[in-house]
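Shown next: structure36.cif, given as mmCIF, C-alpha atoms and all ligand atoms.
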```cif
data_model
#
loop_
_atom_site.label_atom_id
_atom_site.label_comp_id
_atom_site.auth_asym_id
_atom_site.auth_seq_id
_atom_site.Cartn_x
_atom_site.Cartn_y
_atom_site.Cartn_z
CA MET A 1 24.39 1.86 33.61
CA ASN A 2 21.92 -0.30 35.47
CA ALA A 3 18.78 -2.17 34.56
CA LEU A 4 16.63 0.81 35.43
CA THR A 5 18.23 3.05 32.87
CA PRO A 6 15.92 3.09 29.88
CA PHE A 7 17.81 2.46 26.69
CA ALA A 8 15.71 5.11 25.04
CA GLY A 9 17.34 7.75 27.23
CA ALA A 10 20.83 6.90 26.04
CA LEU A 11 20.01 6.37 22.39
CA PRO A 12 17.17 8.60 21.28
CA LEU A 13 14.57 6.61 19.38
CA THR A 14 13.77 8.30 16.17
CA ALA A 15 11.01 6.16 14.71
CA ASP A 16 8.19 8.34 15.99
CA ALA A 17 9.89 11.69 15.71
CA ALA A 18 9.26 13.83 12.64
CA PRO A 19 11.17 14.88 10.68
CA LEU A 20 13.53 11.96 11.17
CA PRO A 21 17.18 12.85 11.66
CA PRO A 22 19.73 10.50 10.14
CA PRO A 23 21.14 8.00 12.63
CA GLY A 24 24.73 7.99 13.74
CA GLY A 25 26.53 4.68 13.88
CA ALA A 26 27.00 2.99 17.21
CA ALA A 27 30.16 1.56 18.66
CA ILE A 28 29.88 -2.00 19.90
CA ARG A 29 32.27 -3.40 22.46
CA PHE A 30 32.59 -7.04 23.48
CA ASP A 31 34.51 -7.50 26.68
CA ALA A 32 35.51 -11.09 27.55
CA VAL A 33 32.17 -12.43 26.34
CA SER A 34 31.59 -16.15 26.83
CA LYS A 35 28.54 -18.23 26.08
CA ARG A 36 28.22 -21.76 27.30
CA PHE A 37 25.30 -23.95 26.36
CA PRO A 38 24.91 -26.51 29.16
CA ALA A 39 25.06 -30.27 28.67
CA LYS A 40 21.67 -31.73 27.83
CA GLY A 41 20.30 -35.24 27.28
CA GLY A 42 23.71 -36.86 26.91
CA GLN A 43 25.00 -34.00 24.72
CA ALA A 44 28.18 -32.36 26.01
CA ALA A 45 28.18 -28.69 26.98
CA VAL A 46 29.24 -26.28 24.21
CA ALA A 47 31.47 -23.25 24.68
CA ALA A 48 29.95 -21.28 21.77
CA LEU A 49 31.86 -18.11 22.69
CA ASP A 50 35.07 -18.12 24.67
CA ALA A 51 36.26 -14.80 26.13
CA VAL A 52 35.54 -12.74 23.02
CA THR A 53 36.94 -9.22 23.19
CA LEU A 54 36.22 -7.11 20.14
CA ASP A 55 35.56 -3.51 19.20
CA VAL A 56 33.31 -2.47 16.34
CA ALA A 57 33.91 1.12 15.26
CA PRO A 58 30.90 3.41 14.78
CA GLY A 59 29.90 3.67 11.13
CA SER A 60 32.15 0.78 10.10
CA ILE A 61 31.27 -2.32 8.15
CA THR A 62 32.78 -5.05 10.26
CA GLY A 63 32.85 -8.63 9.05
CA ILE A 64 33.07 -11.68 11.25
CA ILE A 65 34.13 -14.79 9.40
CA GLY A 66 34.27 -18.35 10.62
CA ARG A 67 33.37 -21.89 9.72
CA SER A 68 30.02 -23.49 10.50
CA GLY A 69 29.54 -23.78 14.27
CA ALA A 70 32.33 -21.30 15.06
CA GLY A 71 29.97 -19.12 17.10
CA LYS A 72 29.12 -16.37 14.59
CA SER A 73 25.36 -16.32 15.10
CA THR A 74 25.78 -16.55 18.86
CA LEU A 75 28.07 -13.53 18.73
CA LEU A 76 25.59 -11.57 16.63
CA ARG A 77 22.69 -12.48 18.90
CA ALA A 78 24.60 -11.18 21.91
CA ILE A 79 24.47 -7.71 20.33
CA ASN A 80 20.69 -7.45 20.37
CA GLY A 81 20.26 -9.42 23.57
CA LEU A 82 18.64 -12.45 21.89
CA ASP A 83 21.37 -14.56 23.48
CA ARG A 84 22.55 -13.68 26.96
CA PRO A 85 26.27 -14.30 27.46
CA THR A 86 27.21 -16.45 30.45
CA ALA A 87 30.14 -14.13 31.18
CA GLY A 88 31.46 -10.78 30.02
CA THR A 89 29.66 -7.70 28.74
CA VAL A 90 28.43 -6.36 25.42
CA ARG A 91 28.12 -2.57 25.30
CA ILE A 92 26.51 -0.44 22.64
CA ASP A 93 27.57 3.17 22.87
CA GLY A 94 28.65 2.37 26.41
CA LEU A 95 25.32 0.83 27.37
CA ASP A 96 25.52 -2.63 28.92
CA VAL A 97 23.09 -4.84 26.96
CA GLY A 98 23.01 -7.44 29.76
CA ALA A 99 21.82 -4.86 32.29
CA LEU A 100 18.72 -3.83 30.33
CA ASP A 101 15.23 -4.54 31.61
CA PRO A 102 12.60 -5.82 29.11
CA ALA A 103 11.55 -2.28 28.12
CA GLY A 104 15.18 -1.31 27.62
CA LEU A 105 15.74 -4.41 25.48
CA ARG A 106 12.71 -3.58 23.32
CA ALA A 107 14.05 -0.08 22.83
CA LEU A 108 17.49 -1.48 22.01
CA ARG A 109 16.04 -3.77 19.36
CA ARG A 110 14.47 -0.82 17.58
CA GLU A 111 18.00 0.57 17.29
CA ILE A 112 19.29 -2.69 15.81
CA GLY A 113 18.06 -4.02 12.48
CA MET A 114 18.75 -7.57 11.45
CA ILE A 115 18.72 -9.44 8.15
CA PHE A 116 18.90 -13.18 7.64
CA GLN A 117 19.84 -15.78 5.07
CA HIS A 118 16.23 -16.90 4.69
CA PHE A 119 14.71 -13.39 4.68
CA ALA A 120 12.02 -14.17 7.32
CA LEU A 121 9.28 -12.23 5.49
CA LEU A 122 5.54 -12.56 6.19
CA SER A 123 4.19 -14.47 3.19
CA SER A 124 0.65 -13.08 3.52
CA SER A 125 1.84 -9.45 3.55
CA THR A 126 2.86 -7.26 0.63
CA VAL A 127 6.29 -5.71 0.23
CA PHE A 128 4.87 -2.49 1.66
CA ASP A 129 3.31 -4.20 4.69
CA ASN A 130 6.40 -6.27 5.45
CA ILE A 131 8.51 -3.12 5.57
CA ALA A 132 5.87 -1.25 7.57
CA LEU A 133 5.64 -3.90 10.28
CA PRO A 134 8.37 -2.63 12.65
CA LEU A 135 6.94 0.89 12.38
CA GLU A 136 3.46 -0.36 13.23
CA LEU A 137 4.87 -2.20 16.24
CA ALA A 138 6.55 1.03 17.29
CA GLY A 139 3.22 2.88 17.07
CA THR A 140 4.30 5.20 14.27
CA PRO A 141 1.47 7.35 12.80
CA ARG A 142 -0.01 6.03 9.52
CA ASP A 143 1.00 8.90 7.23
CA GLU A 144 4.52 8.77 8.55
CA ILE A 145 4.66 5.02 7.96
CA THR A 146 3.63 5.55 4.35
CA ARG A 147 6.27 8.21 3.84
CA ARG A 148 9.04 6.18 5.45
CA VAL A 149 8.15 2.90 3.72
CA ASP A 150 7.98 4.53 0.29
CA GLU A 151 11.36 6.14 0.94
CA LEU A 152 12.79 2.73 1.84
CA ILE A 153 11.20 1.00 -1.15
CA GLU A 154 12.94 3.54 -3.34
CA LEU A 155 16.25 3.14 -1.48
CA VAL A 156 16.29 -0.62 -2.08
CA GLY A 157 15.04 -0.36 -5.68
CA LEU A 158 11.64 -2.06 -5.39
CA VAL A 159 9.25 0.71 -6.48
CA ASP A 160 7.56 -1.57 -9.03
CA LYS A 161 7.08 -4.34 -6.40
CA ARG A 162 5.34 -2.25 -3.72
CA GLY A 163 2.11 -4.31 -3.74
CA ARG A 164 3.66 -7.72 -4.48
CA TYR A 165 3.81 -10.69 -2.10
CA PRO A 166 7.06 -12.49 -1.15
CA THR A 167 6.22 -15.51 -3.33
CA GLU A 168 6.19 -13.15 -6.33
CA LEU A 169 9.77 -11.98 -5.68
CA SER A 170 13.21 -13.32 -6.52
CA GLY A 171 15.65 -14.11 -3.71
CA GLY A 172 17.51 -10.87 -4.23
CA GLN A 173 14.26 -8.89 -4.16
CA LYS A 174 13.20 -10.66 -0.96
CA GLN A 175 16.49 -9.70 0.63
CA ARG A 176 15.92 -6.08 -0.44
CA VAL A 177 12.61 -6.20 1.42
CA GLY A 178 14.43 -7.68 4.43
CA ILE A 179 16.96 -4.85 4.32
CA ALA A 180 14.27 -2.18 4.01
CA ARG A 181 12.35 -3.69 6.92
CA ALA A 182 15.53 -3.83 9.03
CA LEU A 183 16.11 -0.12 8.34
CA ALA A 184 12.53 1.00 8.96
CA THR A 185 13.10 2.31 12.48
CA ARG A 186 16.36 4.01 11.45
CA PRO A 187 18.57 1.70 13.50
CA ARG A 188 22.12 2.64 14.42
CA VAL A 189 23.26 -0.92 13.89
CA LEU A 190 22.47 -3.36 11.12
CA LEU A 191 23.26 -7.01 11.77
CA SER A 192 23.53 -9.39 8.85
CA ASP A 193 23.55 -13.14 9.45
CA GLU A 194 24.71 -14.75 6.19
CA ALA A 195 22.33 -12.45 4.29
CA THR A 196 23.76 -13.36 0.89
CA SER A 197 24.39 -17.08 1.41
CA ALA A 198 21.21 -18.13 -0.42
CA LEU A 199 21.86 -15.87 -3.42
CA ASP A 200 23.73 -16.35 -6.67
CA PRO A 201 27.03 -14.50 -7.15
CA GLU A 202 25.61 -11.62 -9.18
CA THR A 203 22.69 -11.03 -6.82
CA THR A 204 25.12 -11.28 -3.89
CA ARG A 205 27.19 -8.49 -5.39
CA SER A 206 24.15 -6.27 -5.85
CA ILE A 207 22.98 -6.84 -2.26
CA LEU A 208 26.48 -6.15 -0.91
CA ALA A 209 26.65 -2.97 -2.99
CA LEU A 210 23.30 -1.93 -1.52
CA LEU A 211 24.57 -2.52 2.04
CA LYS A 212 27.66 -0.48 1.30
CA HIS A 213 25.54 2.33 -0.15
CA ILE A 214 23.26 2.33 2.90
CA ASN A 215 26.26 2.43 5.22
CA ALA A 216 27.67 5.38 3.29
CA VAL A 217 24.47 7.43 3.21
CA THR A 218 23.10 6.68 6.70
CA GLY A 219 26.24 5.98 8.72
CA VAL A 220 24.63 2.85 10.15
CA THR A 221 27.18 0.52 11.73
CA VAL A 222 27.07 -2.83 9.94
CA VAL A 223 28.16 -6.09 11.51
CA LEU A 224 27.97 -8.96 9.10
CA ILE A 225 28.79 -12.57 9.60
CA THR A 226 29.74 -14.89 6.81
CA HIS A 227 31.76 -17.96 5.97
CA GLU A 228 32.86 -16.44 2.67
CA MET A 229 35.92 -14.23 2.43
CA HIS A 230 34.78 -12.65 -0.82
CA VAL A 231 31.88 -11.04 1.07
CA ILE A 232 34.35 -9.51 3.52
CA LYS A 233 36.64 -8.42 0.72
CA GLU A 234 33.80 -6.81 -1.18
CA ILE A 235 32.46 -4.42 1.48
CA CYS A 236 34.08 -4.66 4.92
CA ASP A 237 36.53 -2.21 6.49
CA ARG A 238 37.46 -4.48 9.37
CA VAL A 239 37.39 -8.22 9.84
CA ALA A 240 37.51 -10.61 12.79
CA VAL A 241 38.11 -14.32 12.35
CA ILE A 242 36.33 -16.61 14.78
CA GLU A 243 37.19 -20.25 15.43
CA THR A 244 35.55 -22.48 18.05
CA GLY A 245 34.23 -19.45 19.92
CA ARG A 246 37.49 -17.53 19.97
CA ILE A 247 38.55 -14.51 17.95
CA ILE A 248 41.83 -15.65 16.45
CA GLU A 249 42.62 -12.64 14.29
CA THR A 250 41.33 -9.11 13.74
CA GLY A 251 42.39 -6.21 11.60
CA ASP A 252 41.89 -3.94 8.68
CA VAL A 253 40.60 -6.05 5.76
CA TYR A 254 43.47 -5.09 3.48
CA GLU A 255 46.04 -5.97 6.14
CA VAL A 256 44.45 -9.31 6.94
CA LEU A 257 44.14 -10.25 3.26
CA ALA A 258 47.71 -9.21 2.58
CA ARG A 259 49.23 -10.74 5.69
CA PRO A 260 46.97 -13.39 7.20
CA GLN A 261 48.53 -14.78 10.39
CA ALA A 262 46.47 -17.73 11.63
CA GLU A 263 46.24 -20.91 9.55
CA THR A 264 42.43 -20.65 9.32
CA THR A 265 42.69 -17.06 8.15
CA ARG A 266 45.18 -18.10 5.49
CA SER A 267 42.82 -20.69 4.09
CA PHE A 268 39.92 -18.19 4.01
CA VAL A 269 42.17 -15.63 2.37
CA ALA A 270 43.55 -18.04 -0.22
CA SER A 271 40.08 -18.42 -1.72
CA VAL A 272 39.92 -14.77 -2.76
CA THR A 273 43.44 -13.60 -3.35
CA GLY A 274 44.81 -16.16 -5.75
CA ALA A 275 47.12 -17.25 -2.96
CA ALA A 276 45.98 -20.85 -3.43
CA LEU A 277 48.04 -23.22 -5.52
CA PRO A 278 46.22 -25.26 -8.15
CA GLU A 279 45.51 -28.58 -6.39
CA ALA A 280 47.29 -30.81 -8.88
CA PHE A 281 50.35 -28.63 -8.49
CA ALA A 282 50.17 -28.51 -4.69
CA ALA A 283 50.24 -32.33 -4.64
CA ARG A 284 53.64 -32.29 -6.38
CA LEU A 285 55.25 -29.91 -3.87
CA THR A 286 57.77 -31.19 -1.36
CA PRO A 287 59.32 -29.31 1.53
CA HIS A 288 62.75 -30.80 0.71
CA PRO A 289 65.01 -28.81 -1.61
CA GLU A 290 67.46 -31.71 -2.15
CA GLY A 291 67.40 -32.88 -5.73
CA ALA A 292 64.62 -30.44 -6.65
CA ARG A 293 64.47 -28.85 -10.09
CA GLN A 294 62.36 -25.88 -9.18
CA THR A 295 61.48 -23.84 -6.13
CA VAL A 296 57.99 -22.40 -5.83
CA LEU A 297 57.53 -18.94 -4.36
CA ARG A 298 54.57 -16.81 -3.51
CA ILE A 299 55.10 -13.11 -4.14
CA VAL A 300 52.59 -10.79 -2.48
CA PHE A 301 52.10 -7.39 -4.08
CA THR A 302 50.73 -4.77 -1.72
CA GLY A 303 50.37 -1.03 -1.35
CA ALA A 304 52.45 1.39 -3.37
CA ASN A 305 54.73 -1.45 -4.48
CA ALA A 306 51.94 -3.57 -5.90
CA THR A 307 52.60 -2.45 -9.43
CA ALA A 308 56.41 -2.81 -9.39
CA PRO A 309 57.62 -4.60 -12.55
CA VAL A 310 59.41 -7.13 -10.43
CA ILE A 311 59.07 -10.17 -12.69
CA SER A 312 60.74 -8.51 -15.64
CA ARG A 313 63.51 -7.24 -13.35
CA LEU A 314 64.04 -10.74 -11.96
CA SER A 315 64.62 -12.19 -15.37
CA ARG A 316 66.66 -9.21 -16.57
CA SER A 317 68.93 -8.40 -13.64
CA LEU A 318 69.26 -11.91 -12.21
CA ASP A 319 68.96 -13.75 -15.51
CA VAL A 320 66.47 -16.14 -13.88
CA ASP A 321 63.73 -17.98 -15.75
CA VAL A 322 60.47 -17.29 -13.95
CA THR A 323 57.49 -19.55 -14.63
CA ILE A 324 54.14 -18.13 -13.55
CA ILE A 325 51.94 -20.84 -12.02
CA ALA A 326 49.01 -18.91 -10.60
CA GLY A 327 48.15 -15.39 -9.73
CA GLN A 328 45.63 -12.65 -9.36
CA VAL A 329 45.90 -8.90 -9.32
CA ASP A 330 43.07 -7.07 -7.71
CA ALA A 331 42.06 -4.07 -5.68
CA ILE A 332 40.80 -4.22 -2.14
CA GLY A 333 39.09 -1.06 -0.94
CA GLY A 334 40.59 0.72 -3.95
CA LYS A 335 44.16 -0.31 -3.04
CA PRO A 336 46.04 -2.58 -5.43
CA PHE A 337 46.77 -6.07 -4.24
CA GLY A 338 48.17 -9.07 -5.98
CA ASN A 339 49.45 -12.55 -5.46
CA LEU A 340 51.70 -14.39 -7.82
CA ILE A 341 52.93 -17.93 -7.53
CA VAL A 342 56.06 -18.57 -9.55
CA ALA A 343 58.63 -21.31 -10.05
CA ILE A 344 62.34 -20.55 -10.33
CA PRO A 345 65.41 -22.81 -10.57
CA ALA A 346 65.96 -24.63 -7.26
CA ARG A 347 69.42 -23.25 -6.55
CA PRO A 348 69.96 -21.72 -3.08
CA ASP A 349 71.90 -18.73 -4.51
CA VAL A 350 69.12 -18.05 -7.04
CA VAL A 351 66.37 -18.36 -4.42
CA ASP A 352 68.22 -16.02 -2.04
CA ALA A 353 68.79 -13.48 -4.81
CA VAL A 354 65.13 -13.56 -5.85
CA VAL A 355 63.91 -13.15 -2.26
CA ALA A 356 66.37 -10.26 -1.76
CA LEU A 357 65.35 -8.50 -4.98
CA THR A 358 61.60 -8.79 -4.29
CA GLY A 359 62.28 -7.52 -0.76
CA ALA A 360 64.19 -4.57 -2.20
CA HIS A 361 61.01 -3.70 -4.13
CA GLY A 362 59.05 -3.73 -0.90
CA LEU A 363 57.28 -7.00 -1.75
CA GLN A 364 57.14 -10.20 0.26
CA ALA A 365 58.33 -13.49 -1.17
CA GLU A 366 57.73 -16.78 0.59
CA VAL A 367 59.03 -20.22 -0.39
CA LEU A 368 56.08 -22.63 -0.66
CA GLY A 369 58.09 -25.72 -1.53
CA HIS A 370 60.02 -27.49 -4.24
CA VAL A 371 59.31 -29.61 -7.27
CA THR A 372 61.53 -32.48 -8.31
N1 LIG A 401 20.63 -23.20 21.67
C1 LIG A 401 21.74 -23.93 21.61
N2 LIG A 401 21.93 -25.00 22.42
C2 LIG A 401 23.06 -25.72 22.38
N3 LIG A 401 24.10 -25.46 21.56
C3 LIG A 401 23.97 -24.42 20.72
C4 LIG A 401 22.80 -23.60 20.70
N4 LIG A 401 22.97 -22.65 19.75
C5 LIG A 401 24.18 -22.87 19.22
N5 LIG A 401 24.79 -23.92 19.80
C6 LIG A 401 26.14 -24.44 19.50
O1 LIG A 401 27.05 -23.37 19.64
C7 LIG A 401 28.04 -23.41 18.62
C8 LIG A 401 28.03 -22.10 17.84
O2 LIG A 401 26.80 -21.99 17.14
P1 LIG A 401 26.49 -20.79 16.15
O3 LIG A 401 25.10 -20.94 15.70
O4 LIG A 401 26.87 -19.51 16.80
O5 LIG A 401 27.51 -21.09 14.96
P2 LIG A 401 27.70 -20.36 13.55
O6 LIG A 401 29.12 -19.93 13.48
O7 LIG A 401 26.66 -19.31 13.39
O8 LIG A 401 27.47 -21.54 12.52
P3 LIG A 401 26.76 -21.54 11.05
O9 LIG A 401 27.77 -20.94 10.09
O10 LIG A 401 26.55 -22.99 10.77
O11 LIG A 401 25.50 -20.75 11.15
C9 LIG A 401 27.73 -24.63 17.77
O12 LIG A 401 28.53 -25.69 18.22
C10 LIG A 401 26.26 -24.90 18.07
O13 LIG A 401 25.98 -26.27 17.94
MG MG A 402 25.04 -19.08 12.10
#
```
Using structure tokens, write down the structure that the file contains.
Ligand SMILES: Nc1ncnc2c1ncn2[C@@H]1O[C@H](COP(=O)(O)OP(=O)(O)OP(=O)(O)O)[C@@H](O)[C@H]1O
Ligand SMILES: [Mg+2]
Amino acid sequence: MNALTPFAGALPLTADAAPLPPPGGAAIRFDAVSKRFPAKGGQAAVAALDAVTLDVAPGSITGIIGRSGAGKSTLLRAINGLDRPTAGTVRIDGLDVGALDPAGLRALRREIGMIFQHFALLSSSTVFDNIALPLELAGTPRDEITRRVDELIELVGLVDKRGRYPTELSGGQKQRVGIARALATRPRVLLSDEATSALDPETTRSILALLKHINAVTGVTVVLITHEMHVIKEICDRVAVIETGRIIETGDVYEVLARPQAETTRSFVASVTGAALPEAFAARLTPHPEGARQTVLRIVFTGANATAPVISRLSRSLDVDVTIIAGQVDAIGGKPFGNLIVAIPARPDVVDAVVALTGAHGLQAEVLGHVT
């Protein structure tokens, strides 16, 4: 594709067509994308993105997790062309975002909705008018705007707030307006930049459930960035972990939660899977087995084996005393998943037997350390 190819030709714009067909999700492909902010006024240059290669499947909910400054927002902004990469290409359904002319970019942005942590609503406009804004900008006829906005207000559960102003809404309600506005032009992609970070846990859950519902009924591809693993666990199918501009791990959410590889991923995962040791206990752990009384193991329960009665079998068939220190049993995407941290006598033959028996049940056991 070149700059002369109008984006509208490749992705039909549906905002002014009636009746409106449902959108299909778009596939997004990052190919060796780098973004360097040059040095300025004594500040060193920043490599915000460093050769990022990543595929987002159409219709998926893909999460990108990373610490503050990791490059998440820069990555998201490369999708709608708000940030131009210094190297590499971003393609949406095969269309090179960097090759678009201004008209192509405007058309692209109607296909990409975005929601933010701080909602970005117009304070002097009602709920209805905030949601209508992108349709007005797209020149949609008035009666069609009314129909579409009312449909969206119902979708996000704000029928009784139609004529209210943002200051009269709770945070969760404001974010519902933000979501409705982002969906107004029936985008194929919905980008979420920390959309739940300003909300309390219960409101966060309801907003995440709404995003999941919207993904299921419209097929819109969702890319959400967050620094919280529980957000990923709650609604994402796929996850990518970003650290100092590089993607250090990607995969199916269940796989990454069950078997995190990179150290950063492990620490994100520990916060939601019960894989973390209580701090006071962690301080007592030593890597040296000599003279230890107990050995501490993490047993990870996944898949079909997640419900195996392994603890009772350990004590029965090996005659081992098992002390449970921490644990959590859960479901991720409907599949059982658990993490149990246990202490057993620090004898090499006992530890080997326990690891072998858990392995025979299809579970993983990992020695975390020893306690004297
Ligand atoms: N316009 C800019 N000029 C210079 N440096 C920038 C600019 N925008 C971002 N950066 C730098 O690029 C890096 C990545 O920033 P980015 O905003 O993508 O991080 P983030 O992962 O979204 O962080 P947060 O979770 O805090 O929002 C940071 O080091 C940031 O300081
Ligand atoms: Mg950010």
message: Set the distance at 12 Å and use only C-alpha atoms: which residues neighbour Val351 of chain A once local chain neighbours fewer than 2 positions away are removed? I'd like the list as a PyMOL selection string.
response: chain A and resi 289+294-298+314+318+320-322+342-349+353-358+365-370
task: Go ahead and compute the interatomic distance for atom CA of Gly71 of chain A and atom C7 of ligand LIG 401 (chain A), in Å to one decimal.
output: 4.9 Å
Counting all atoms listed in the file, what are the residues of chain A within 6 Å of ligand LIG 401 (chain A), and for each of them which pair of atoms is the nearest and at what distance in Å, to one decimal? Sort the table by chain and rising number, as JSON lines.
```
{"residue": "A:Phe37", "atom": "CA", "partner": "A:LIG401", "partner_atom": "C2", "distance": 4.9}
{"residue": "A:Val46", "atom": "CA", "partner": "A:LIG401", "partner_atom": "N3", "distance": 5.8}
{"residue": "A:Ala48", "atom": "CA", "partner": "A:LIG401", "partner_atom": "O1", "distance": 4.2}
{"residue": "A:Arg67", "atom": "CA", "partner": "A:LIG401", "partner_atom": "O9", "distance": 5.7}
{"residue": "A:Ser68", "atom": "CA", "partner": "A:LIG401", "partner_atom": "O9", "distance": 3.4}
{"residue": "A:Gly69", "atom": "CA", "partner": "A:LIG401", "partner_atom": "O5", "distance": 3.4}
{"residue": "A:Ala70", "atom": "CA", "partner": "A:LIG401", "partner_atom": "O6", "distance": 3.8}
{"residue": "A:Gly71", "atom": "CA", "partner": "A:LIG401", "partner_atom": "O4", "distance": 3.1}
{"residue": "A:Lys72", "atom": "CA", "partner": "A:LIG401", "partner_atom": "O6", "distance": 3.7}
{"residue": "A:Ser73", "atom": "CA", "partner": "A:LIG401", "partner_atom": "O7", "distance": 3.7}
{"residue": "A:Thr74", "atom": "CA", "partner": "A:LIG401", "partner_atom": "O4", "distance": 3.8}
```
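What separates atom CA of Val56 of chain A from atom CA of Leu133 of chain A is a distance of 28.4 Å.
A straight line drawn from atom CA of Ala306 of chain A to atom CA of His227 of chain A is 27.5 Å long.
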message: Quick one: residues within 7 Å of Ile112 of chain A, all atoms listed in the file, excluding same-chain residues fewer than 3 positions away - as a ChimeraX atom specification?
response: /A:80,108-109,187-190
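Nearest residue to Val239 of chain A, choosing from A:Thr218, A:Ser197, A:Ser125, A:Thr226 and counting all atoms listed in the file: A:Thr226.
Each of A:Val371, A:Ile65, A:Ile145, A:Leu105 was compared to ligand MG 402 (chain A) using all atoms listed in the file, and A:Ile65 turns out to be the nearest.
Closest approach to ligand MG 402 (chain A) among A:Leu340, A:Leu76, A:Ala138, A:Val241: A:Leu76, based on only C-alpha atoms and all ligand atoms.
Distances here use only C-alpha atoms and all ligand atoms; by that measure, the residue among A:Arg181, A:Arg84, A:Arg77, A:Lys335 closest to ligand MG 402 (chain A) is A:Arg77.
Shortest atom-to-atom contact with ligand MG 402 (chain A) among A:Ile28, A:Ile242, A:Ala51, A:Ala39: A:Ile242, counting all atoms listed in the file.
Using all atoms listed in the file for every distance, the candidate list A:Ile248, A:Val269, A:Ile214, A:Met114 yields A:Val269 as the residue closest to Lys233 of chain A.
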- request: Please provide the set of residues having any atom within 12 Å of Ala120 of chain A, restricted to all atoms listed in the file, with same-chain residues fewer than 4 positions apart removed, written as a PyMOL selection string.
  value: chain A and resi 114-116+125+130-131+166+171+174-179+181-182+193+195
